[in-house]
Structures are given as C-alpha cells and as structure tokens.
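What follows is one structure encoded as structure tokens, with my remarks underneath.
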Amino acid sequence: MVSFRQVTVIFFALILVCLLVNFFLWSKPHSLAGISLPLAALILFIFYSVITLVLAFFPASGFYLPVLTRGNTLEKTIALTFDDGPVPGNTELVLDVLKRHGVSGTFFCKGRNVAAHPSLAKRIAGEGHLLGNHTFSHSPFIDLFPTRRIALELERTDKLISGITGRTPLFFRPPYGVINPMVAGAVKTVNRQTVCWSVRSFDTMNRTPEKTMRRIISRLKPGVVILLHDHTPFTRDHLDELITAIFHAGYSIAALDKLLNTEAYA
C-alpha cells in the first residue's frame with residue numbers, strides 16, 4: 001500500500017500543477033473535465049484530507065508507519081493482549097486466569113496506571129507476561145497532541161515500565177487504534193514497534209458475553225493477535241471461558257514476542 005508520504009507528495013503535486021496552470025493561463029478560459037482549475041485544486045485537497053483522516057482509523061493498513069497485527073505462521077497459535085491496565089480489582093483476576101491455564105499475555109499499559117499501581121505492574125512482569133507502552137495519559141484528545149508531547153508520553157511510560165522490569169519496552173499500541181502524522185512522528189522519534197491486532201473483541205461495547213465470545217472464536221486463524229481490555233466485565237468474568245474455547249478449537253496461546261518473532265524489550 002502507498003504511504004502517507006507518497007500520497008501527500010502526489011496530491012500536493014497535483015494541487016500545485018492546477019494552481020500554477022491557473023496562474024499562468026489566468027487570461028484564458030481553462031478547466032479540467034469541465035471544472036475550473038482552482039475548484040479542481042480544492043476538490044483534490046478535500047479528497048486528500050478525507051483519505052488521510054479515514055486511514056488514521058485503520059492502523060493495520062500501514063499507511064502512516066509499519067504496524068504488526070499478526071504472526072507469520074501456519075501453526076494454530078494466537079496471542080492474547082490486554083489494553084488500559086493495570087486496573088486493581090480486574091487485572092489480578094486476569095492474571096489468576098492466565099496463571100491457571102499456564103499461558104502468557106501482553107499488557108499494553110497506561111503509564112499513569114503503572115505509576116498509580118506499581119505493585120500490580122510488577123506482578124504482571126513477575127509472572128512472565130509482557131508489558132507494552134499505551135502512552136501515559138491515554139487522553140481522548142491524544143491524537144490532537146503535537147508530536148513532541150506524544151513522544152514525551154511514550155518516554156515517560158517507558159521509564160516507568162523500565163523501572164519495574166529493568167528493561168525498556170519496544171512494543172507500542174496507539175490509544176483507540178488511531179494513528180495520524182503526530183502519533184507516527186512520535187513513534188519514529190522514540191523508535192518503537194507499533195503492534196495492533198487482527199481480532200478486535202469489542203469487549204468495551206455493550207455486547208452480551210455470548211456475542212463477544214462468538215465474534216472472537218469465529219475469527220480465530222493461525223497467528224492472530226486478540227485485543228481485550230483488563231477493565232471490562234467480559235474479560236473479568238469470561239476470560240477463563242474464552243481461553244478454554246480457544247483450546248477446544250485446537251489453538252495454543254503464545255507470548256506476543258514469540259508469535260511475532262521480534263523482541264519485546266530493548
């Protein structure tokens with residue numbers, strides 16, 4: 001797929017051509033397919049804006065930067081990931097279930113939650129699970145932040161996780177799964193690997209547990225990465241059932257770094 005940089009160059013080159021032709025031929029009637037050149041330039045700009053906005057919500061496209069969403073394997077192996085923790089009262093239950101089944105998970109943590117609950121983050125690491133960076137604030141407006149501010153959030157969270165694990169996380173997951181030029185610039189600044197998912201559970205929505213379970217199980221394929229959240233009732237109350245269903249479907253659960261065949265820590 002073409003990248004954000006390539007699309008930007010192409011569209012602005014076309015816009016510039018329209019404006020230059022219009023400028024040099026201003027005394028003569030001129031149009032493009034019956035549309036005046038200034039209007040054509042405006043339409044191109046609007047089209048460019050729509051494309052770049054829409055693709056911000058499709059991180060797996062790799063439009064803004066390379067993104068890992070699944071493992072390159074034919075084996076029936078998947079990975080479980082949990083966003084937004086650690087959350088007291090919930091994360092402990094998730095860890096208990098993972099321990100009972102003997103499987104590894106990856107927790108993309110908010111830095112502020114790690115700062116507020118370091119013992120819980122330490123338990124995640126101590127029980128052999130991976131910690132990834134999910135920004136410090138996870139602000140609903142984070143995609144409007146300038147690049148440097150987002151980079152500072154990533155660095156702040158890295159430092160917190162490093163203080164607990166002794167290692168700097170390399171995996172980053174964008175809040176809300178949105179990647180725009182500012183987020184992409186921040187990720188490149190701190191040199192992190194963006195990891196999203198191939199199965200989105202929508203466990204944060206008001207769905208029945210049965211519907212969420214069917215959605216996940218029906219989308220199982222070799223190498224998929226499943227997105228869950230520490231704090232949702234579904235994960236809290238039905239993770240045990242989900243893992244059992246995954247096993248019954250003939251799948252095993254691997255650590256994310258092993259599934260993706262890449263390092264999780266610097």
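Chains: A, B, ... in order of the structure tokens. Residues: from 1 per chain. Ligands: from 1, in order shown.
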- request: Write out as a ChimeraX atom specification all residues of range 67-114 of chain A that DSSP puts in alpha helix (DSSP H) for this structure's backbone.
  value: /A:91-101,111-114
For the residues selected in the previous step, produce a file with N, CA, C and O atoms as a PDB file, in the first residue's frame.
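Result written to out_32.pdb:
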ATOM      1  N   THR A  91      -7.276  -6.591  36.960  1.00  0.00           N
ATOM      2  CA  THR A  91      -6.043  -7.178  36.425  1.00  0.00           C
ATOM      3  C   THR A  91      -5.621  -8.400  37.228  1.00  0.00           C
ATOM      4  O   THR A  91      -5.125  -9.389  36.658  1.00  0.00           O
ATOM      5  N   GLU A  92      -5.832  -8.361  38.536  1.00  0.00           N
ATOM      6  CA  GLU A  92      -5.489  -9.531  39.352  1.00  0.00           C
ATOM      7  C   GLU A  92      -6.257 -10.765  38.889  1.00  0.00           C
ATOM      8  O   GLU A  92      -5.695 -11.867  38.813  1.00  0.00           O
ATOM      9  N   LEU A  93      -7.538 -10.586  38.580  1.00  0.00           N
ATOM     10  CA  LEU A  93      -8.361 -11.707  38.134  1.00  0.00           C
ATOM     11  C   LEU A  93      -7.879 -12.236  36.783  1.00  0.00           C
ATOM     12  O   LEU A  93      -7.869 -13.448  36.545  1.00  0.00           O
ATOM     13  N   VAL A  94      -7.488 -11.317  35.897  1.00  0.00           N
ATOM     14  CA  VAL A  94      -6.943 -11.720  34.596  1.00  0.00           C
ATOM     15  C   VAL A  94      -5.671 -12.536  34.798  1.00  0.00           C
ATOM     16  O   VAL A  94      -5.489 -13.605  34.189  1.00  0.00           O
ATOM     17  N   LEU A  95      -4.806 -12.057  35.672  1.00  0.00           N
ATOM     18  CA  LEU A  95      -3.551 -12.760  35.938  1.00  0.00           C
ATOM     19  C   LEU A  95      -3.806 -14.136  36.550  1.00  0.00           C
ATOM     20  O   LEU A  95      -3.121 -15.110  36.222  1.00  0.00           O
ATOM     21  N   ASP A  96      -4.785 -14.218  37.418  1.00  0.00           N
ATOM     22  CA  ASP A  96      -5.128 -15.514  38.028  1.00  0.00           C
ATOM     23  C   ASP A  96      -5.556 -16.523  36.963  1.00  0.00           C
ATOM     24  O   ASP A  96      -5.144 -17.695  36.995  1.00  0.00           O
ATOM     25  N   VAL A  97      -6.375 -16.068  36.018  1.00  0.00           N
ATOM     26  CA  VAL A  97      -6.857 -16.966  34.951  1.00  0.00           C
ATOM     27  C   VAL A  97      -5.698 -17.397  34.059  1.00  0.00           C
ATOM     28  O   VAL A  97      -5.574 -18.581  33.707  1.00  0.00           O
ATOM     29  N   LEU A  98      -4.849 -16.447  33.668  1.00  0.00           N
ATOM     30  CA  LEU A  98      -3.704 -16.779  32.816  1.00  0.00           C
ATOM     31  C   LEU A  98      -2.789 -17.783  33.512  1.00  0.00           C
ATOM     32  O   LEU A  98      -2.302 -18.739  32.887  1.00  0.00           O
ATOM     33  N   LYS A  99      -2.574 -17.583  34.799  1.00  0.00           N
ATOM     34  CA  LYS A  99      -1.718 -18.496  35.562  1.00  0.00           C
ATOM     35  C   LYS A  99      -2.337 -19.881  35.640  1.00  0.00           C
ATOM     36  O   LYS A  99      -1.637 -20.898  35.510  1.00  0.00           O
ATOM     37  N   ARG A 100      -3.628 -19.931  35.838  1.00  0.00           N
ATOM     38  CA  ARG A 100      -4.327 -21.220  35.949  1.00  0.00           C
ATOM     39  C   ARG A 100      -4.210 -22.025  34.650  1.00  0.00           C
ATOM     40  O   ARG A 100      -4.089 -23.256  34.684  1.00  0.00           O
ATOM     41  N   HIS A 101      -4.225 -21.317  33.524  1.00  0.00           N
ATOM     42  CA  HIS A 101      -4.137 -22.009  32.225  1.00  0.00           C
ATOM     43  C   HIS A 101      -2.696 -22.132  31.730  1.00  0.00           C
ATOM     44  O   HIS A 101      -2.453 -22.780  30.710  1.00  0.00           O
ATOM     45  N   GLY A 111       0.662   4.589  31.266  1.00  0.00           N
ATOM     46  CA  GLY A 111       1.708   4.971  32.196  1.00  0.00           C
ATOM     47  C   GLY A 111       1.178   5.457  33.533  1.00  0.00           C
ATOM     48  O   GLY A 111       1.731   5.148  34.589  1.00  0.00           O
ATOM     49  N   ARG A 112       0.076   6.183  33.501  1.00  0.00           N
ATOM     50  CA  ARG A 112      -0.471   6.704  34.756  1.00  0.00           C
ATOM     51  C   ARG A 112      -0.977   5.577  35.644  1.00  0.00           C
ATOM     52  O   ARG A 112      -0.949   5.689  36.876  1.00  0.00           O
ATOM     53  N   ASN A 113      -1.448   4.482  35.047  1.00  0.00           N
ATOM     54  CA  ASN A 113      -1.884   3.342  35.846  1.00  0.00           C
ATOM     55  C   ASN A 113      -0.701   2.582  36.433  1.00  0.00           C
ATOM     56  O   ASN A 113      -0.781   2.059  37.544  1.00  0.00           O
ATOM     57  N   VAL A 114       0.385   2.517  35.671  1.00  0.00           N
ATOM     58  CA  VAL A 114       1.606   1.891  36.192  1.00  0.00           C
ATOM     59  C   VAL A 114       2.131   2.704  37.370  1.00  0.00           C
ATOM     60  O   VAL A 114       2.543   2.143  38.398  1.00  0.00           O
TER      61      VAL A 114
END
Determine, for each residue of range 113-201 of chain A having at least one atom at most 12 Å from an atom of range 216-220 of chain A, the closest pair of atoms and their separation in Å to one decimal, counting only C-alpha atoms; order by chain and ascending number, as a tab-separated table.
residue	atom	partner	partner_atom	distance
A:Trp197	CA	A:Arg219	CA	11.9
A:Ser198	CA	A:Arg219	CA	8.8
A:Val199	CA	A:Arg219	CA	6.7
A:Arg200	CA	A:Ile216	CA	7.6
A:Ser201	CA	A:Ile216	CA	5.9
message: Quick one: residues within 7 Å of range 5-16 of chain A, only C-alpha atoms, excluding same-chain residues fewer than 5 positions away - as a list in words?
response: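 Surrounding residues, per the criterion: Ala41, Leu44 and Tyr48 of chain A.
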message: Need to verify the contact set: range 61-71 of chain A, 10 Å, only C-alpha atoms, exclusion of same-chain residues closer than 4 positions in sequence. Can you return it as a PyMOL selection string?
response: chain A and resi 1-7+52+55-57+75+77-79+171-173+179-185+187-188+193-199+221-226+256-262
Those residues with N, CA and C atoms, as a short mmCIF file (atom, residue, chain, number, x, y, z; two decimals), in the first residue's frame please?
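Saved as again.cif:
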data_model
loop_
_atom_site.label_atom_id
_atom_site.label_comp_id
_atom_site.auth_asym_id
_atom_site.auth_seq_id
_atom_site.Cartn_x
_atom_site.Cartn_y
_atom_site.Cartn_z
N MET A 1 0.84 -1.20 0.00
CA MET A 1 0.00 0.00 0.00
C MET A 1 0.87 1.24 0.00
N VAL A 2 0.39 2.30 -0.65
CA VAL A 2 1.14 3.56 -0.67
C VAL A 2 1.16 4.15 0.72
N SER A 3 2.21 4.92 1.02
CA SER A 3 2.37 5.50 2.35
C SER A 3 1.80 6.92 2.40
N PHE A 4 1.68 7.43 3.61
CA PHE A 4 1.22 8.80 3.83
C PHE A 4 2.11 9.79 3.08
N ARG A 5 3.41 9.58 3.14
CA ARG A 5 4.34 10.48 2.45
C ARG A 5 4.11 10.48 0.94
N GLN A 6 3.93 9.29 0.37
CA GLN A 6 3.71 9.19 -1.08
C GLN A 6 2.41 9.87 -1.49
N VAL A 7 1.34 9.62 -0.73
CA VAL A 7 0.05 10.24 -1.04
C VAL A 7 0.14 11.75 -0.93
N THR A 52 -6.67 10.77 4.27
CA THR A 52 -5.75 10.71 5.41
C THR A 52 -6.49 10.60 6.74
N LEU A 55 -7.96 6.80 6.93
CA LEU A 55 -6.94 5.78 7.12
C LEU A 55 -6.28 5.86 8.50
N ALA A 56 -6.46 6.99 9.20
CA ALA A 56 -5.97 7.08 10.58
C ALA A 56 -6.66 6.07 11.48
N PHE A 57 -7.88 5.66 11.10
CA PHE A 57 -8.65 4.72 11.91
C PHE A 57 -8.45 3.27 11.46
N GLU A 75 0.90 -22.39 12.00
CA GLU A 75 0.51 -23.16 13.17
C GLU A 75 -0.69 -22.51 13.85
N THR A 77 -1.63 -21.05 16.41
CA THR A 77 -1.14 -20.35 17.60
C THR A 77 -1.59 -18.91 17.54
N ILE A 78 -2.05 -18.36 18.66
CA ILE A 78 -2.52 -16.98 18.72
C ILE A 78 -1.91 -16.29 19.95
N ALA A 79 -2.14 -14.99 20.08
CA ALA A 79 -1.67 -14.25 21.25
C ALA A 79 -2.82 -13.45 21.85
N PHE A 171 7.38 -2.52 22.34
CA PHE A 171 6.05 -2.60 21.75
C PHE A 171 5.20 -1.39 22.16
N PHE A 172 4.57 -0.78 21.18
CA PHE A 172 3.66 0.35 21.42
C PHE A 172 2.33 0.06 20.76
N ARG A 173 1.25 0.36 21.46
CA ARG A 173 -0.08 0.25 20.86
C ARG A 173 -0.78 1.61 20.99
N ILE A 179 -3.85 6.13 14.34
CA ILE A 179 -2.51 6.59 14.00
C ILE A 179 -2.63 7.72 12.99
N ASN A 180 -2.10 8.87 13.35
CA ASN A 180 -2.07 10.02 12.44
C ASN A 180 -0.63 10.51 12.33
N PRO A 181 -0.36 11.58 11.57
CA PRO A 181 1.03 12.01 11.42
C PRO A 181 1.73 12.34 12.74
N MET A 182 1.00 12.89 13.73
CA MET A 182 1.62 13.22 15.01
C MET A 182 2.01 11.97 15.78
N VAL A 183 1.11 10.99 15.82
CA VAL A 183 1.41 9.73 16.50
C VAL A 183 2.56 9.01 15.80
N ALA A 184 2.50 8.95 14.48
CA ALA A 184 3.56 8.29 13.71
C ALA A 184 4.90 8.96 13.94
N GLY A 185 4.90 10.29 13.98
CA GLY A 185 6.15 11.02 14.22
C GLY A 185 6.72 10.72 15.59
N VAL A 187 6.24 7.94 17.39
CA VAL A 187 6.73 6.56 17.41
C VAL A 187 8.11 6.47 16.74
N LYS A 188 8.27 7.20 15.66
CA LYS A 188 9.57 7.20 14.98
C LYS A 188 10.63 7.90 15.83
N GLN A 193 8.20 -0.24 18.06
CA GLN A 193 7.45 -1.08 17.12
C GLN A 193 5.97 -1.01 17.45
N THR A 194 5.17 -0.55 16.50
CA THR A 194 3.73 -0.46 16.72
C THR A 194 3.09 -1.83 16.50
N VAL A 195 2.32 -2.26 17.50
CA VAL A 195 1.65 -3.55 17.45
C VAL A 195 0.16 -3.33 17.68
N CYS A 196 -0.65 -3.71 16.73
CA CYS A 196 -2.10 -3.58 16.90
C CYS A 196 -2.71 -4.97 17.06
N TRP A 197 -3.65 -5.35 16.25
CA TRP A 197 -4.36 -6.62 16.44
C TRP A 197 -4.96 -7.08 15.13
N SER A 198 -5.35 -8.32 15.09
CA SER A 198 -6.07 -8.86 13.93
C SER A 198 -7.47 -9.30 14.30
N VAL A 199 -7.75 -9.42 15.61
CA VAL A 199 -9.11 -9.72 16.08
C VAL A 199 -9.46 -8.71 17.17
N LYS A 221 -7.61 -17.62 13.55
CA LYS A 221 -6.79 -18.11 12.44
C LYS A 221 -5.35 -18.16 12.95
N PRO A 222 -4.51 -18.96 12.31
CA PRO A 222 -3.11 -19.01 12.76
C PRO A 222 -2.47 -17.62 12.79
N GLY A 223 -1.87 -17.29 13.93
CA GLY A 223 -1.11 -16.06 14.05
C GLY A 223 -1.88 -14.84 14.49
N VAL A 224 -3.20 -14.93 14.75
CA VAL A 224 -3.95 -13.73 15.07
C VAL A 224 -3.58 -13.20 16.47
N VAL A 225 -3.71 -11.89 16.60
CA VAL A 225 -3.50 -11.20 17.88
C VAL A 225 -4.86 -10.67 18.33
N ILE A 226 -5.29 -11.10 19.51
CA ILE A 226 -6.62 -10.73 20.02
C ILE A 226 -6.53 -9.54 20.96
N LEU A 256 3.42 -12.78 22.90
CA LEU A 256 3.34 -11.95 21.70
C LEU A 256 4.68 -11.85 20.98
N ASP A 257 5.76 -11.72 21.72
CA ASP A 257 7.07 -11.61 21.06
C ASP A 257 7.44 -12.88 20.32
N LYS A 258 7.02 -14.01 20.88
CA LYS A 258 7.31 -15.29 20.18
C LYS A 258 6.44 -15.42 18.94
N LEU A 259 5.18 -15.01 19.03
CA LEU A 259 4.28 -15.11 17.88
C LEU A 259 4.75 -14.20 16.75
N LEU A 260 5.18 -13.00 17.10
CA LEU A 260 5.62 -12.02 16.09
C LEU A 260 7.08 -12.20 15.70
N ASN A 261 7.80 -13.03 16.45
CA ASN A 261 9.21 -13.28 16.20
C ASN A 261 10.03 -11.98 16.23
N THR A 262 9.80 -11.20 17.27
CA THR A 262 10.55 -9.95 17.43
C THR A 262 10.69 -9.64 18.91
#
task: With a distance cut-off of 9 Å and only C-alpha atoms, select the neighbouring residues of Pro233 in chain A, excluding the residue or stretch itself and same-chain residues fewer than 6 positions from it, and output the selection as a ChimeraX atom specification.
output: /A:90,203-204,209
- prompt: Do you know which residues are at most 12 Å from Pro86 in chain A counting only C-alpha atoms, after dropping those on the same chain fewer than 6 positions away, and could you put them as a ChimeraX atom specification?
  reply: /A:92-95,106-125,131-134,161,229-231
field: range 56-140 of chain A: residues DSSP assigns to strand (DSSP E or B), reported as a list in words
entry: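 Filtering range 56-140 of chain A down to strand (DSSP E or B) leaves Val67, Leu68, Arg70, Thr77, Ile78, Ala79, Leu80, Thr81, Phe82, Asp83, Gly105, Thr106, Phe107, Phe108, Cys109, Leu130, Leu131, Gly132 and Asn133 of chain A.
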Residue selection dump (N, CA and C atoms) as a short mmCIF file (atom, residue, chain, number, x, y, z; two decimals), in the first residue's frame:
data_model
loop_
_atom_site.label_atom_id
_atom_site.label_comp_id
_atom_site.auth_asym_id
_atom_site.auth_seq_id
_atom_site.Cartn_x
_atom_site.Cartn_y
_atom_site.Cartn_z
N VAL A 67 3.08 -1.49 10.89
CA VAL A 67 2.33 -1.98 12.05
C VAL A 67 2.27 -3.51 11.98
N LEU A 68 2.55 -4.15 13.12
CA LEU A 68 2.41 -5.61 13.21
C LEU A 68 1.03 -5.93 13.76
N ARG A 70 -0.26 -9.50 13.25
CA ARG A 70 -0.40 -10.95 13.37
C ARG A 70 0.96 -11.61 13.16
N THR A 77 -1.63 -21.05 16.41
CA THR A 77 -1.14 -20.35 17.60
C THR A 77 -1.59 -18.91 17.54
N ILE A 78 -2.05 -18.36 18.66
CA ILE A 78 -2.52 -16.98 18.72
C ILE A 78 -1.91 -16.29 19.95
N ALA A 79 -2.14 -14.99 20.08
CA ALA A 79 -1.67 -14.25 21.25
C ALA A 79 -2.82 -13.45 21.85
N LEU A 80 -2.81 -13.32 23.16
CA LEU A 80 -3.79 -12.51 23.89
C LEU A 80 -3.14 -11.22 24.36
N THR A 81 -3.80 -10.10 24.11
CA THR A 81 -3.30 -8.81 24.58
C THR A 81 -4.39 -8.08 25.34
N PHE A 82 -3.96 -7.29 26.33
CA PHE A 82 -4.90 -6.59 27.21
C PHE A 82 -4.49 -5.12 27.31
N ASP A 83 -5.41 -4.23 26.99
CA ASP A 83 -5.12 -2.79 26.99
C ASP A 83 -5.65 -2.10 28.24
N GLY A 105 0.34 -13.50 28.47
CA GLY A 105 -0.39 -12.40 27.85
C GLY A 105 0.53 -11.20 27.71
N THR A 106 0.06 -10.22 26.98
CA THR A 106 0.78 -8.96 26.84
C THR A 106 -0.13 -7.84 27.28
N PHE A 107 0.36 -7.01 28.18
CA PHE A 107 -0.43 -5.93 28.76
C PHE A 107 0.11 -4.59 28.25
N PHE A 108 -0.70 -3.92 27.42
CA PHE A 108 -0.34 -2.58 26.95
C PHE A 108 -0.88 -1.59 27.98
N CYS A 109 0.03 -1.08 28.80
CA CYS A 109 -0.35 -0.34 29.99
C CYS A 109 -0.34 1.18 29.79
N LEU A 130 4.31 -9.88 29.26
CA LEU A 130 4.98 -8.72 28.67
C LEU A 130 4.22 -7.44 28.98
N LEU A 131 4.97 -6.35 29.13
CA LEU A 131 4.37 -5.03 29.29
C LEU A 131 4.72 -4.18 28.07
N GLY A 132 3.70 -3.57 27.48
CA GLY A 132 3.91 -2.68 26.34
C GLY A 132 3.44 -1.28 26.67
N ASN A 133 3.80 -0.34 25.83
CA ASN A 133 3.51 1.08 26.05
C ASN A 133 2.19 1.46 25.38
#
message: What does the structure give for the distance between CA of His238 in chain A and CA of Tyr176 in chain A, in Å to one decimal?
response: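 Value for the CA of His238 in chain A-CA of Tyr176 in chain A distance: 22.5 Å.
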- prompt: CA of Thr147 in chain A and CA of Thr135 in chain A are how many Å apart?
  reply: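 It comes out at 12.6 Å.
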- prompt: Hey, can you check how far CA of Ser162 in chain A sits from CA of Gly85 in chain A?
  reply: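 So the two atoms, CA of Ser162 in chain A and CA of Gly85 in chain A, lie 16.1 Å apart.
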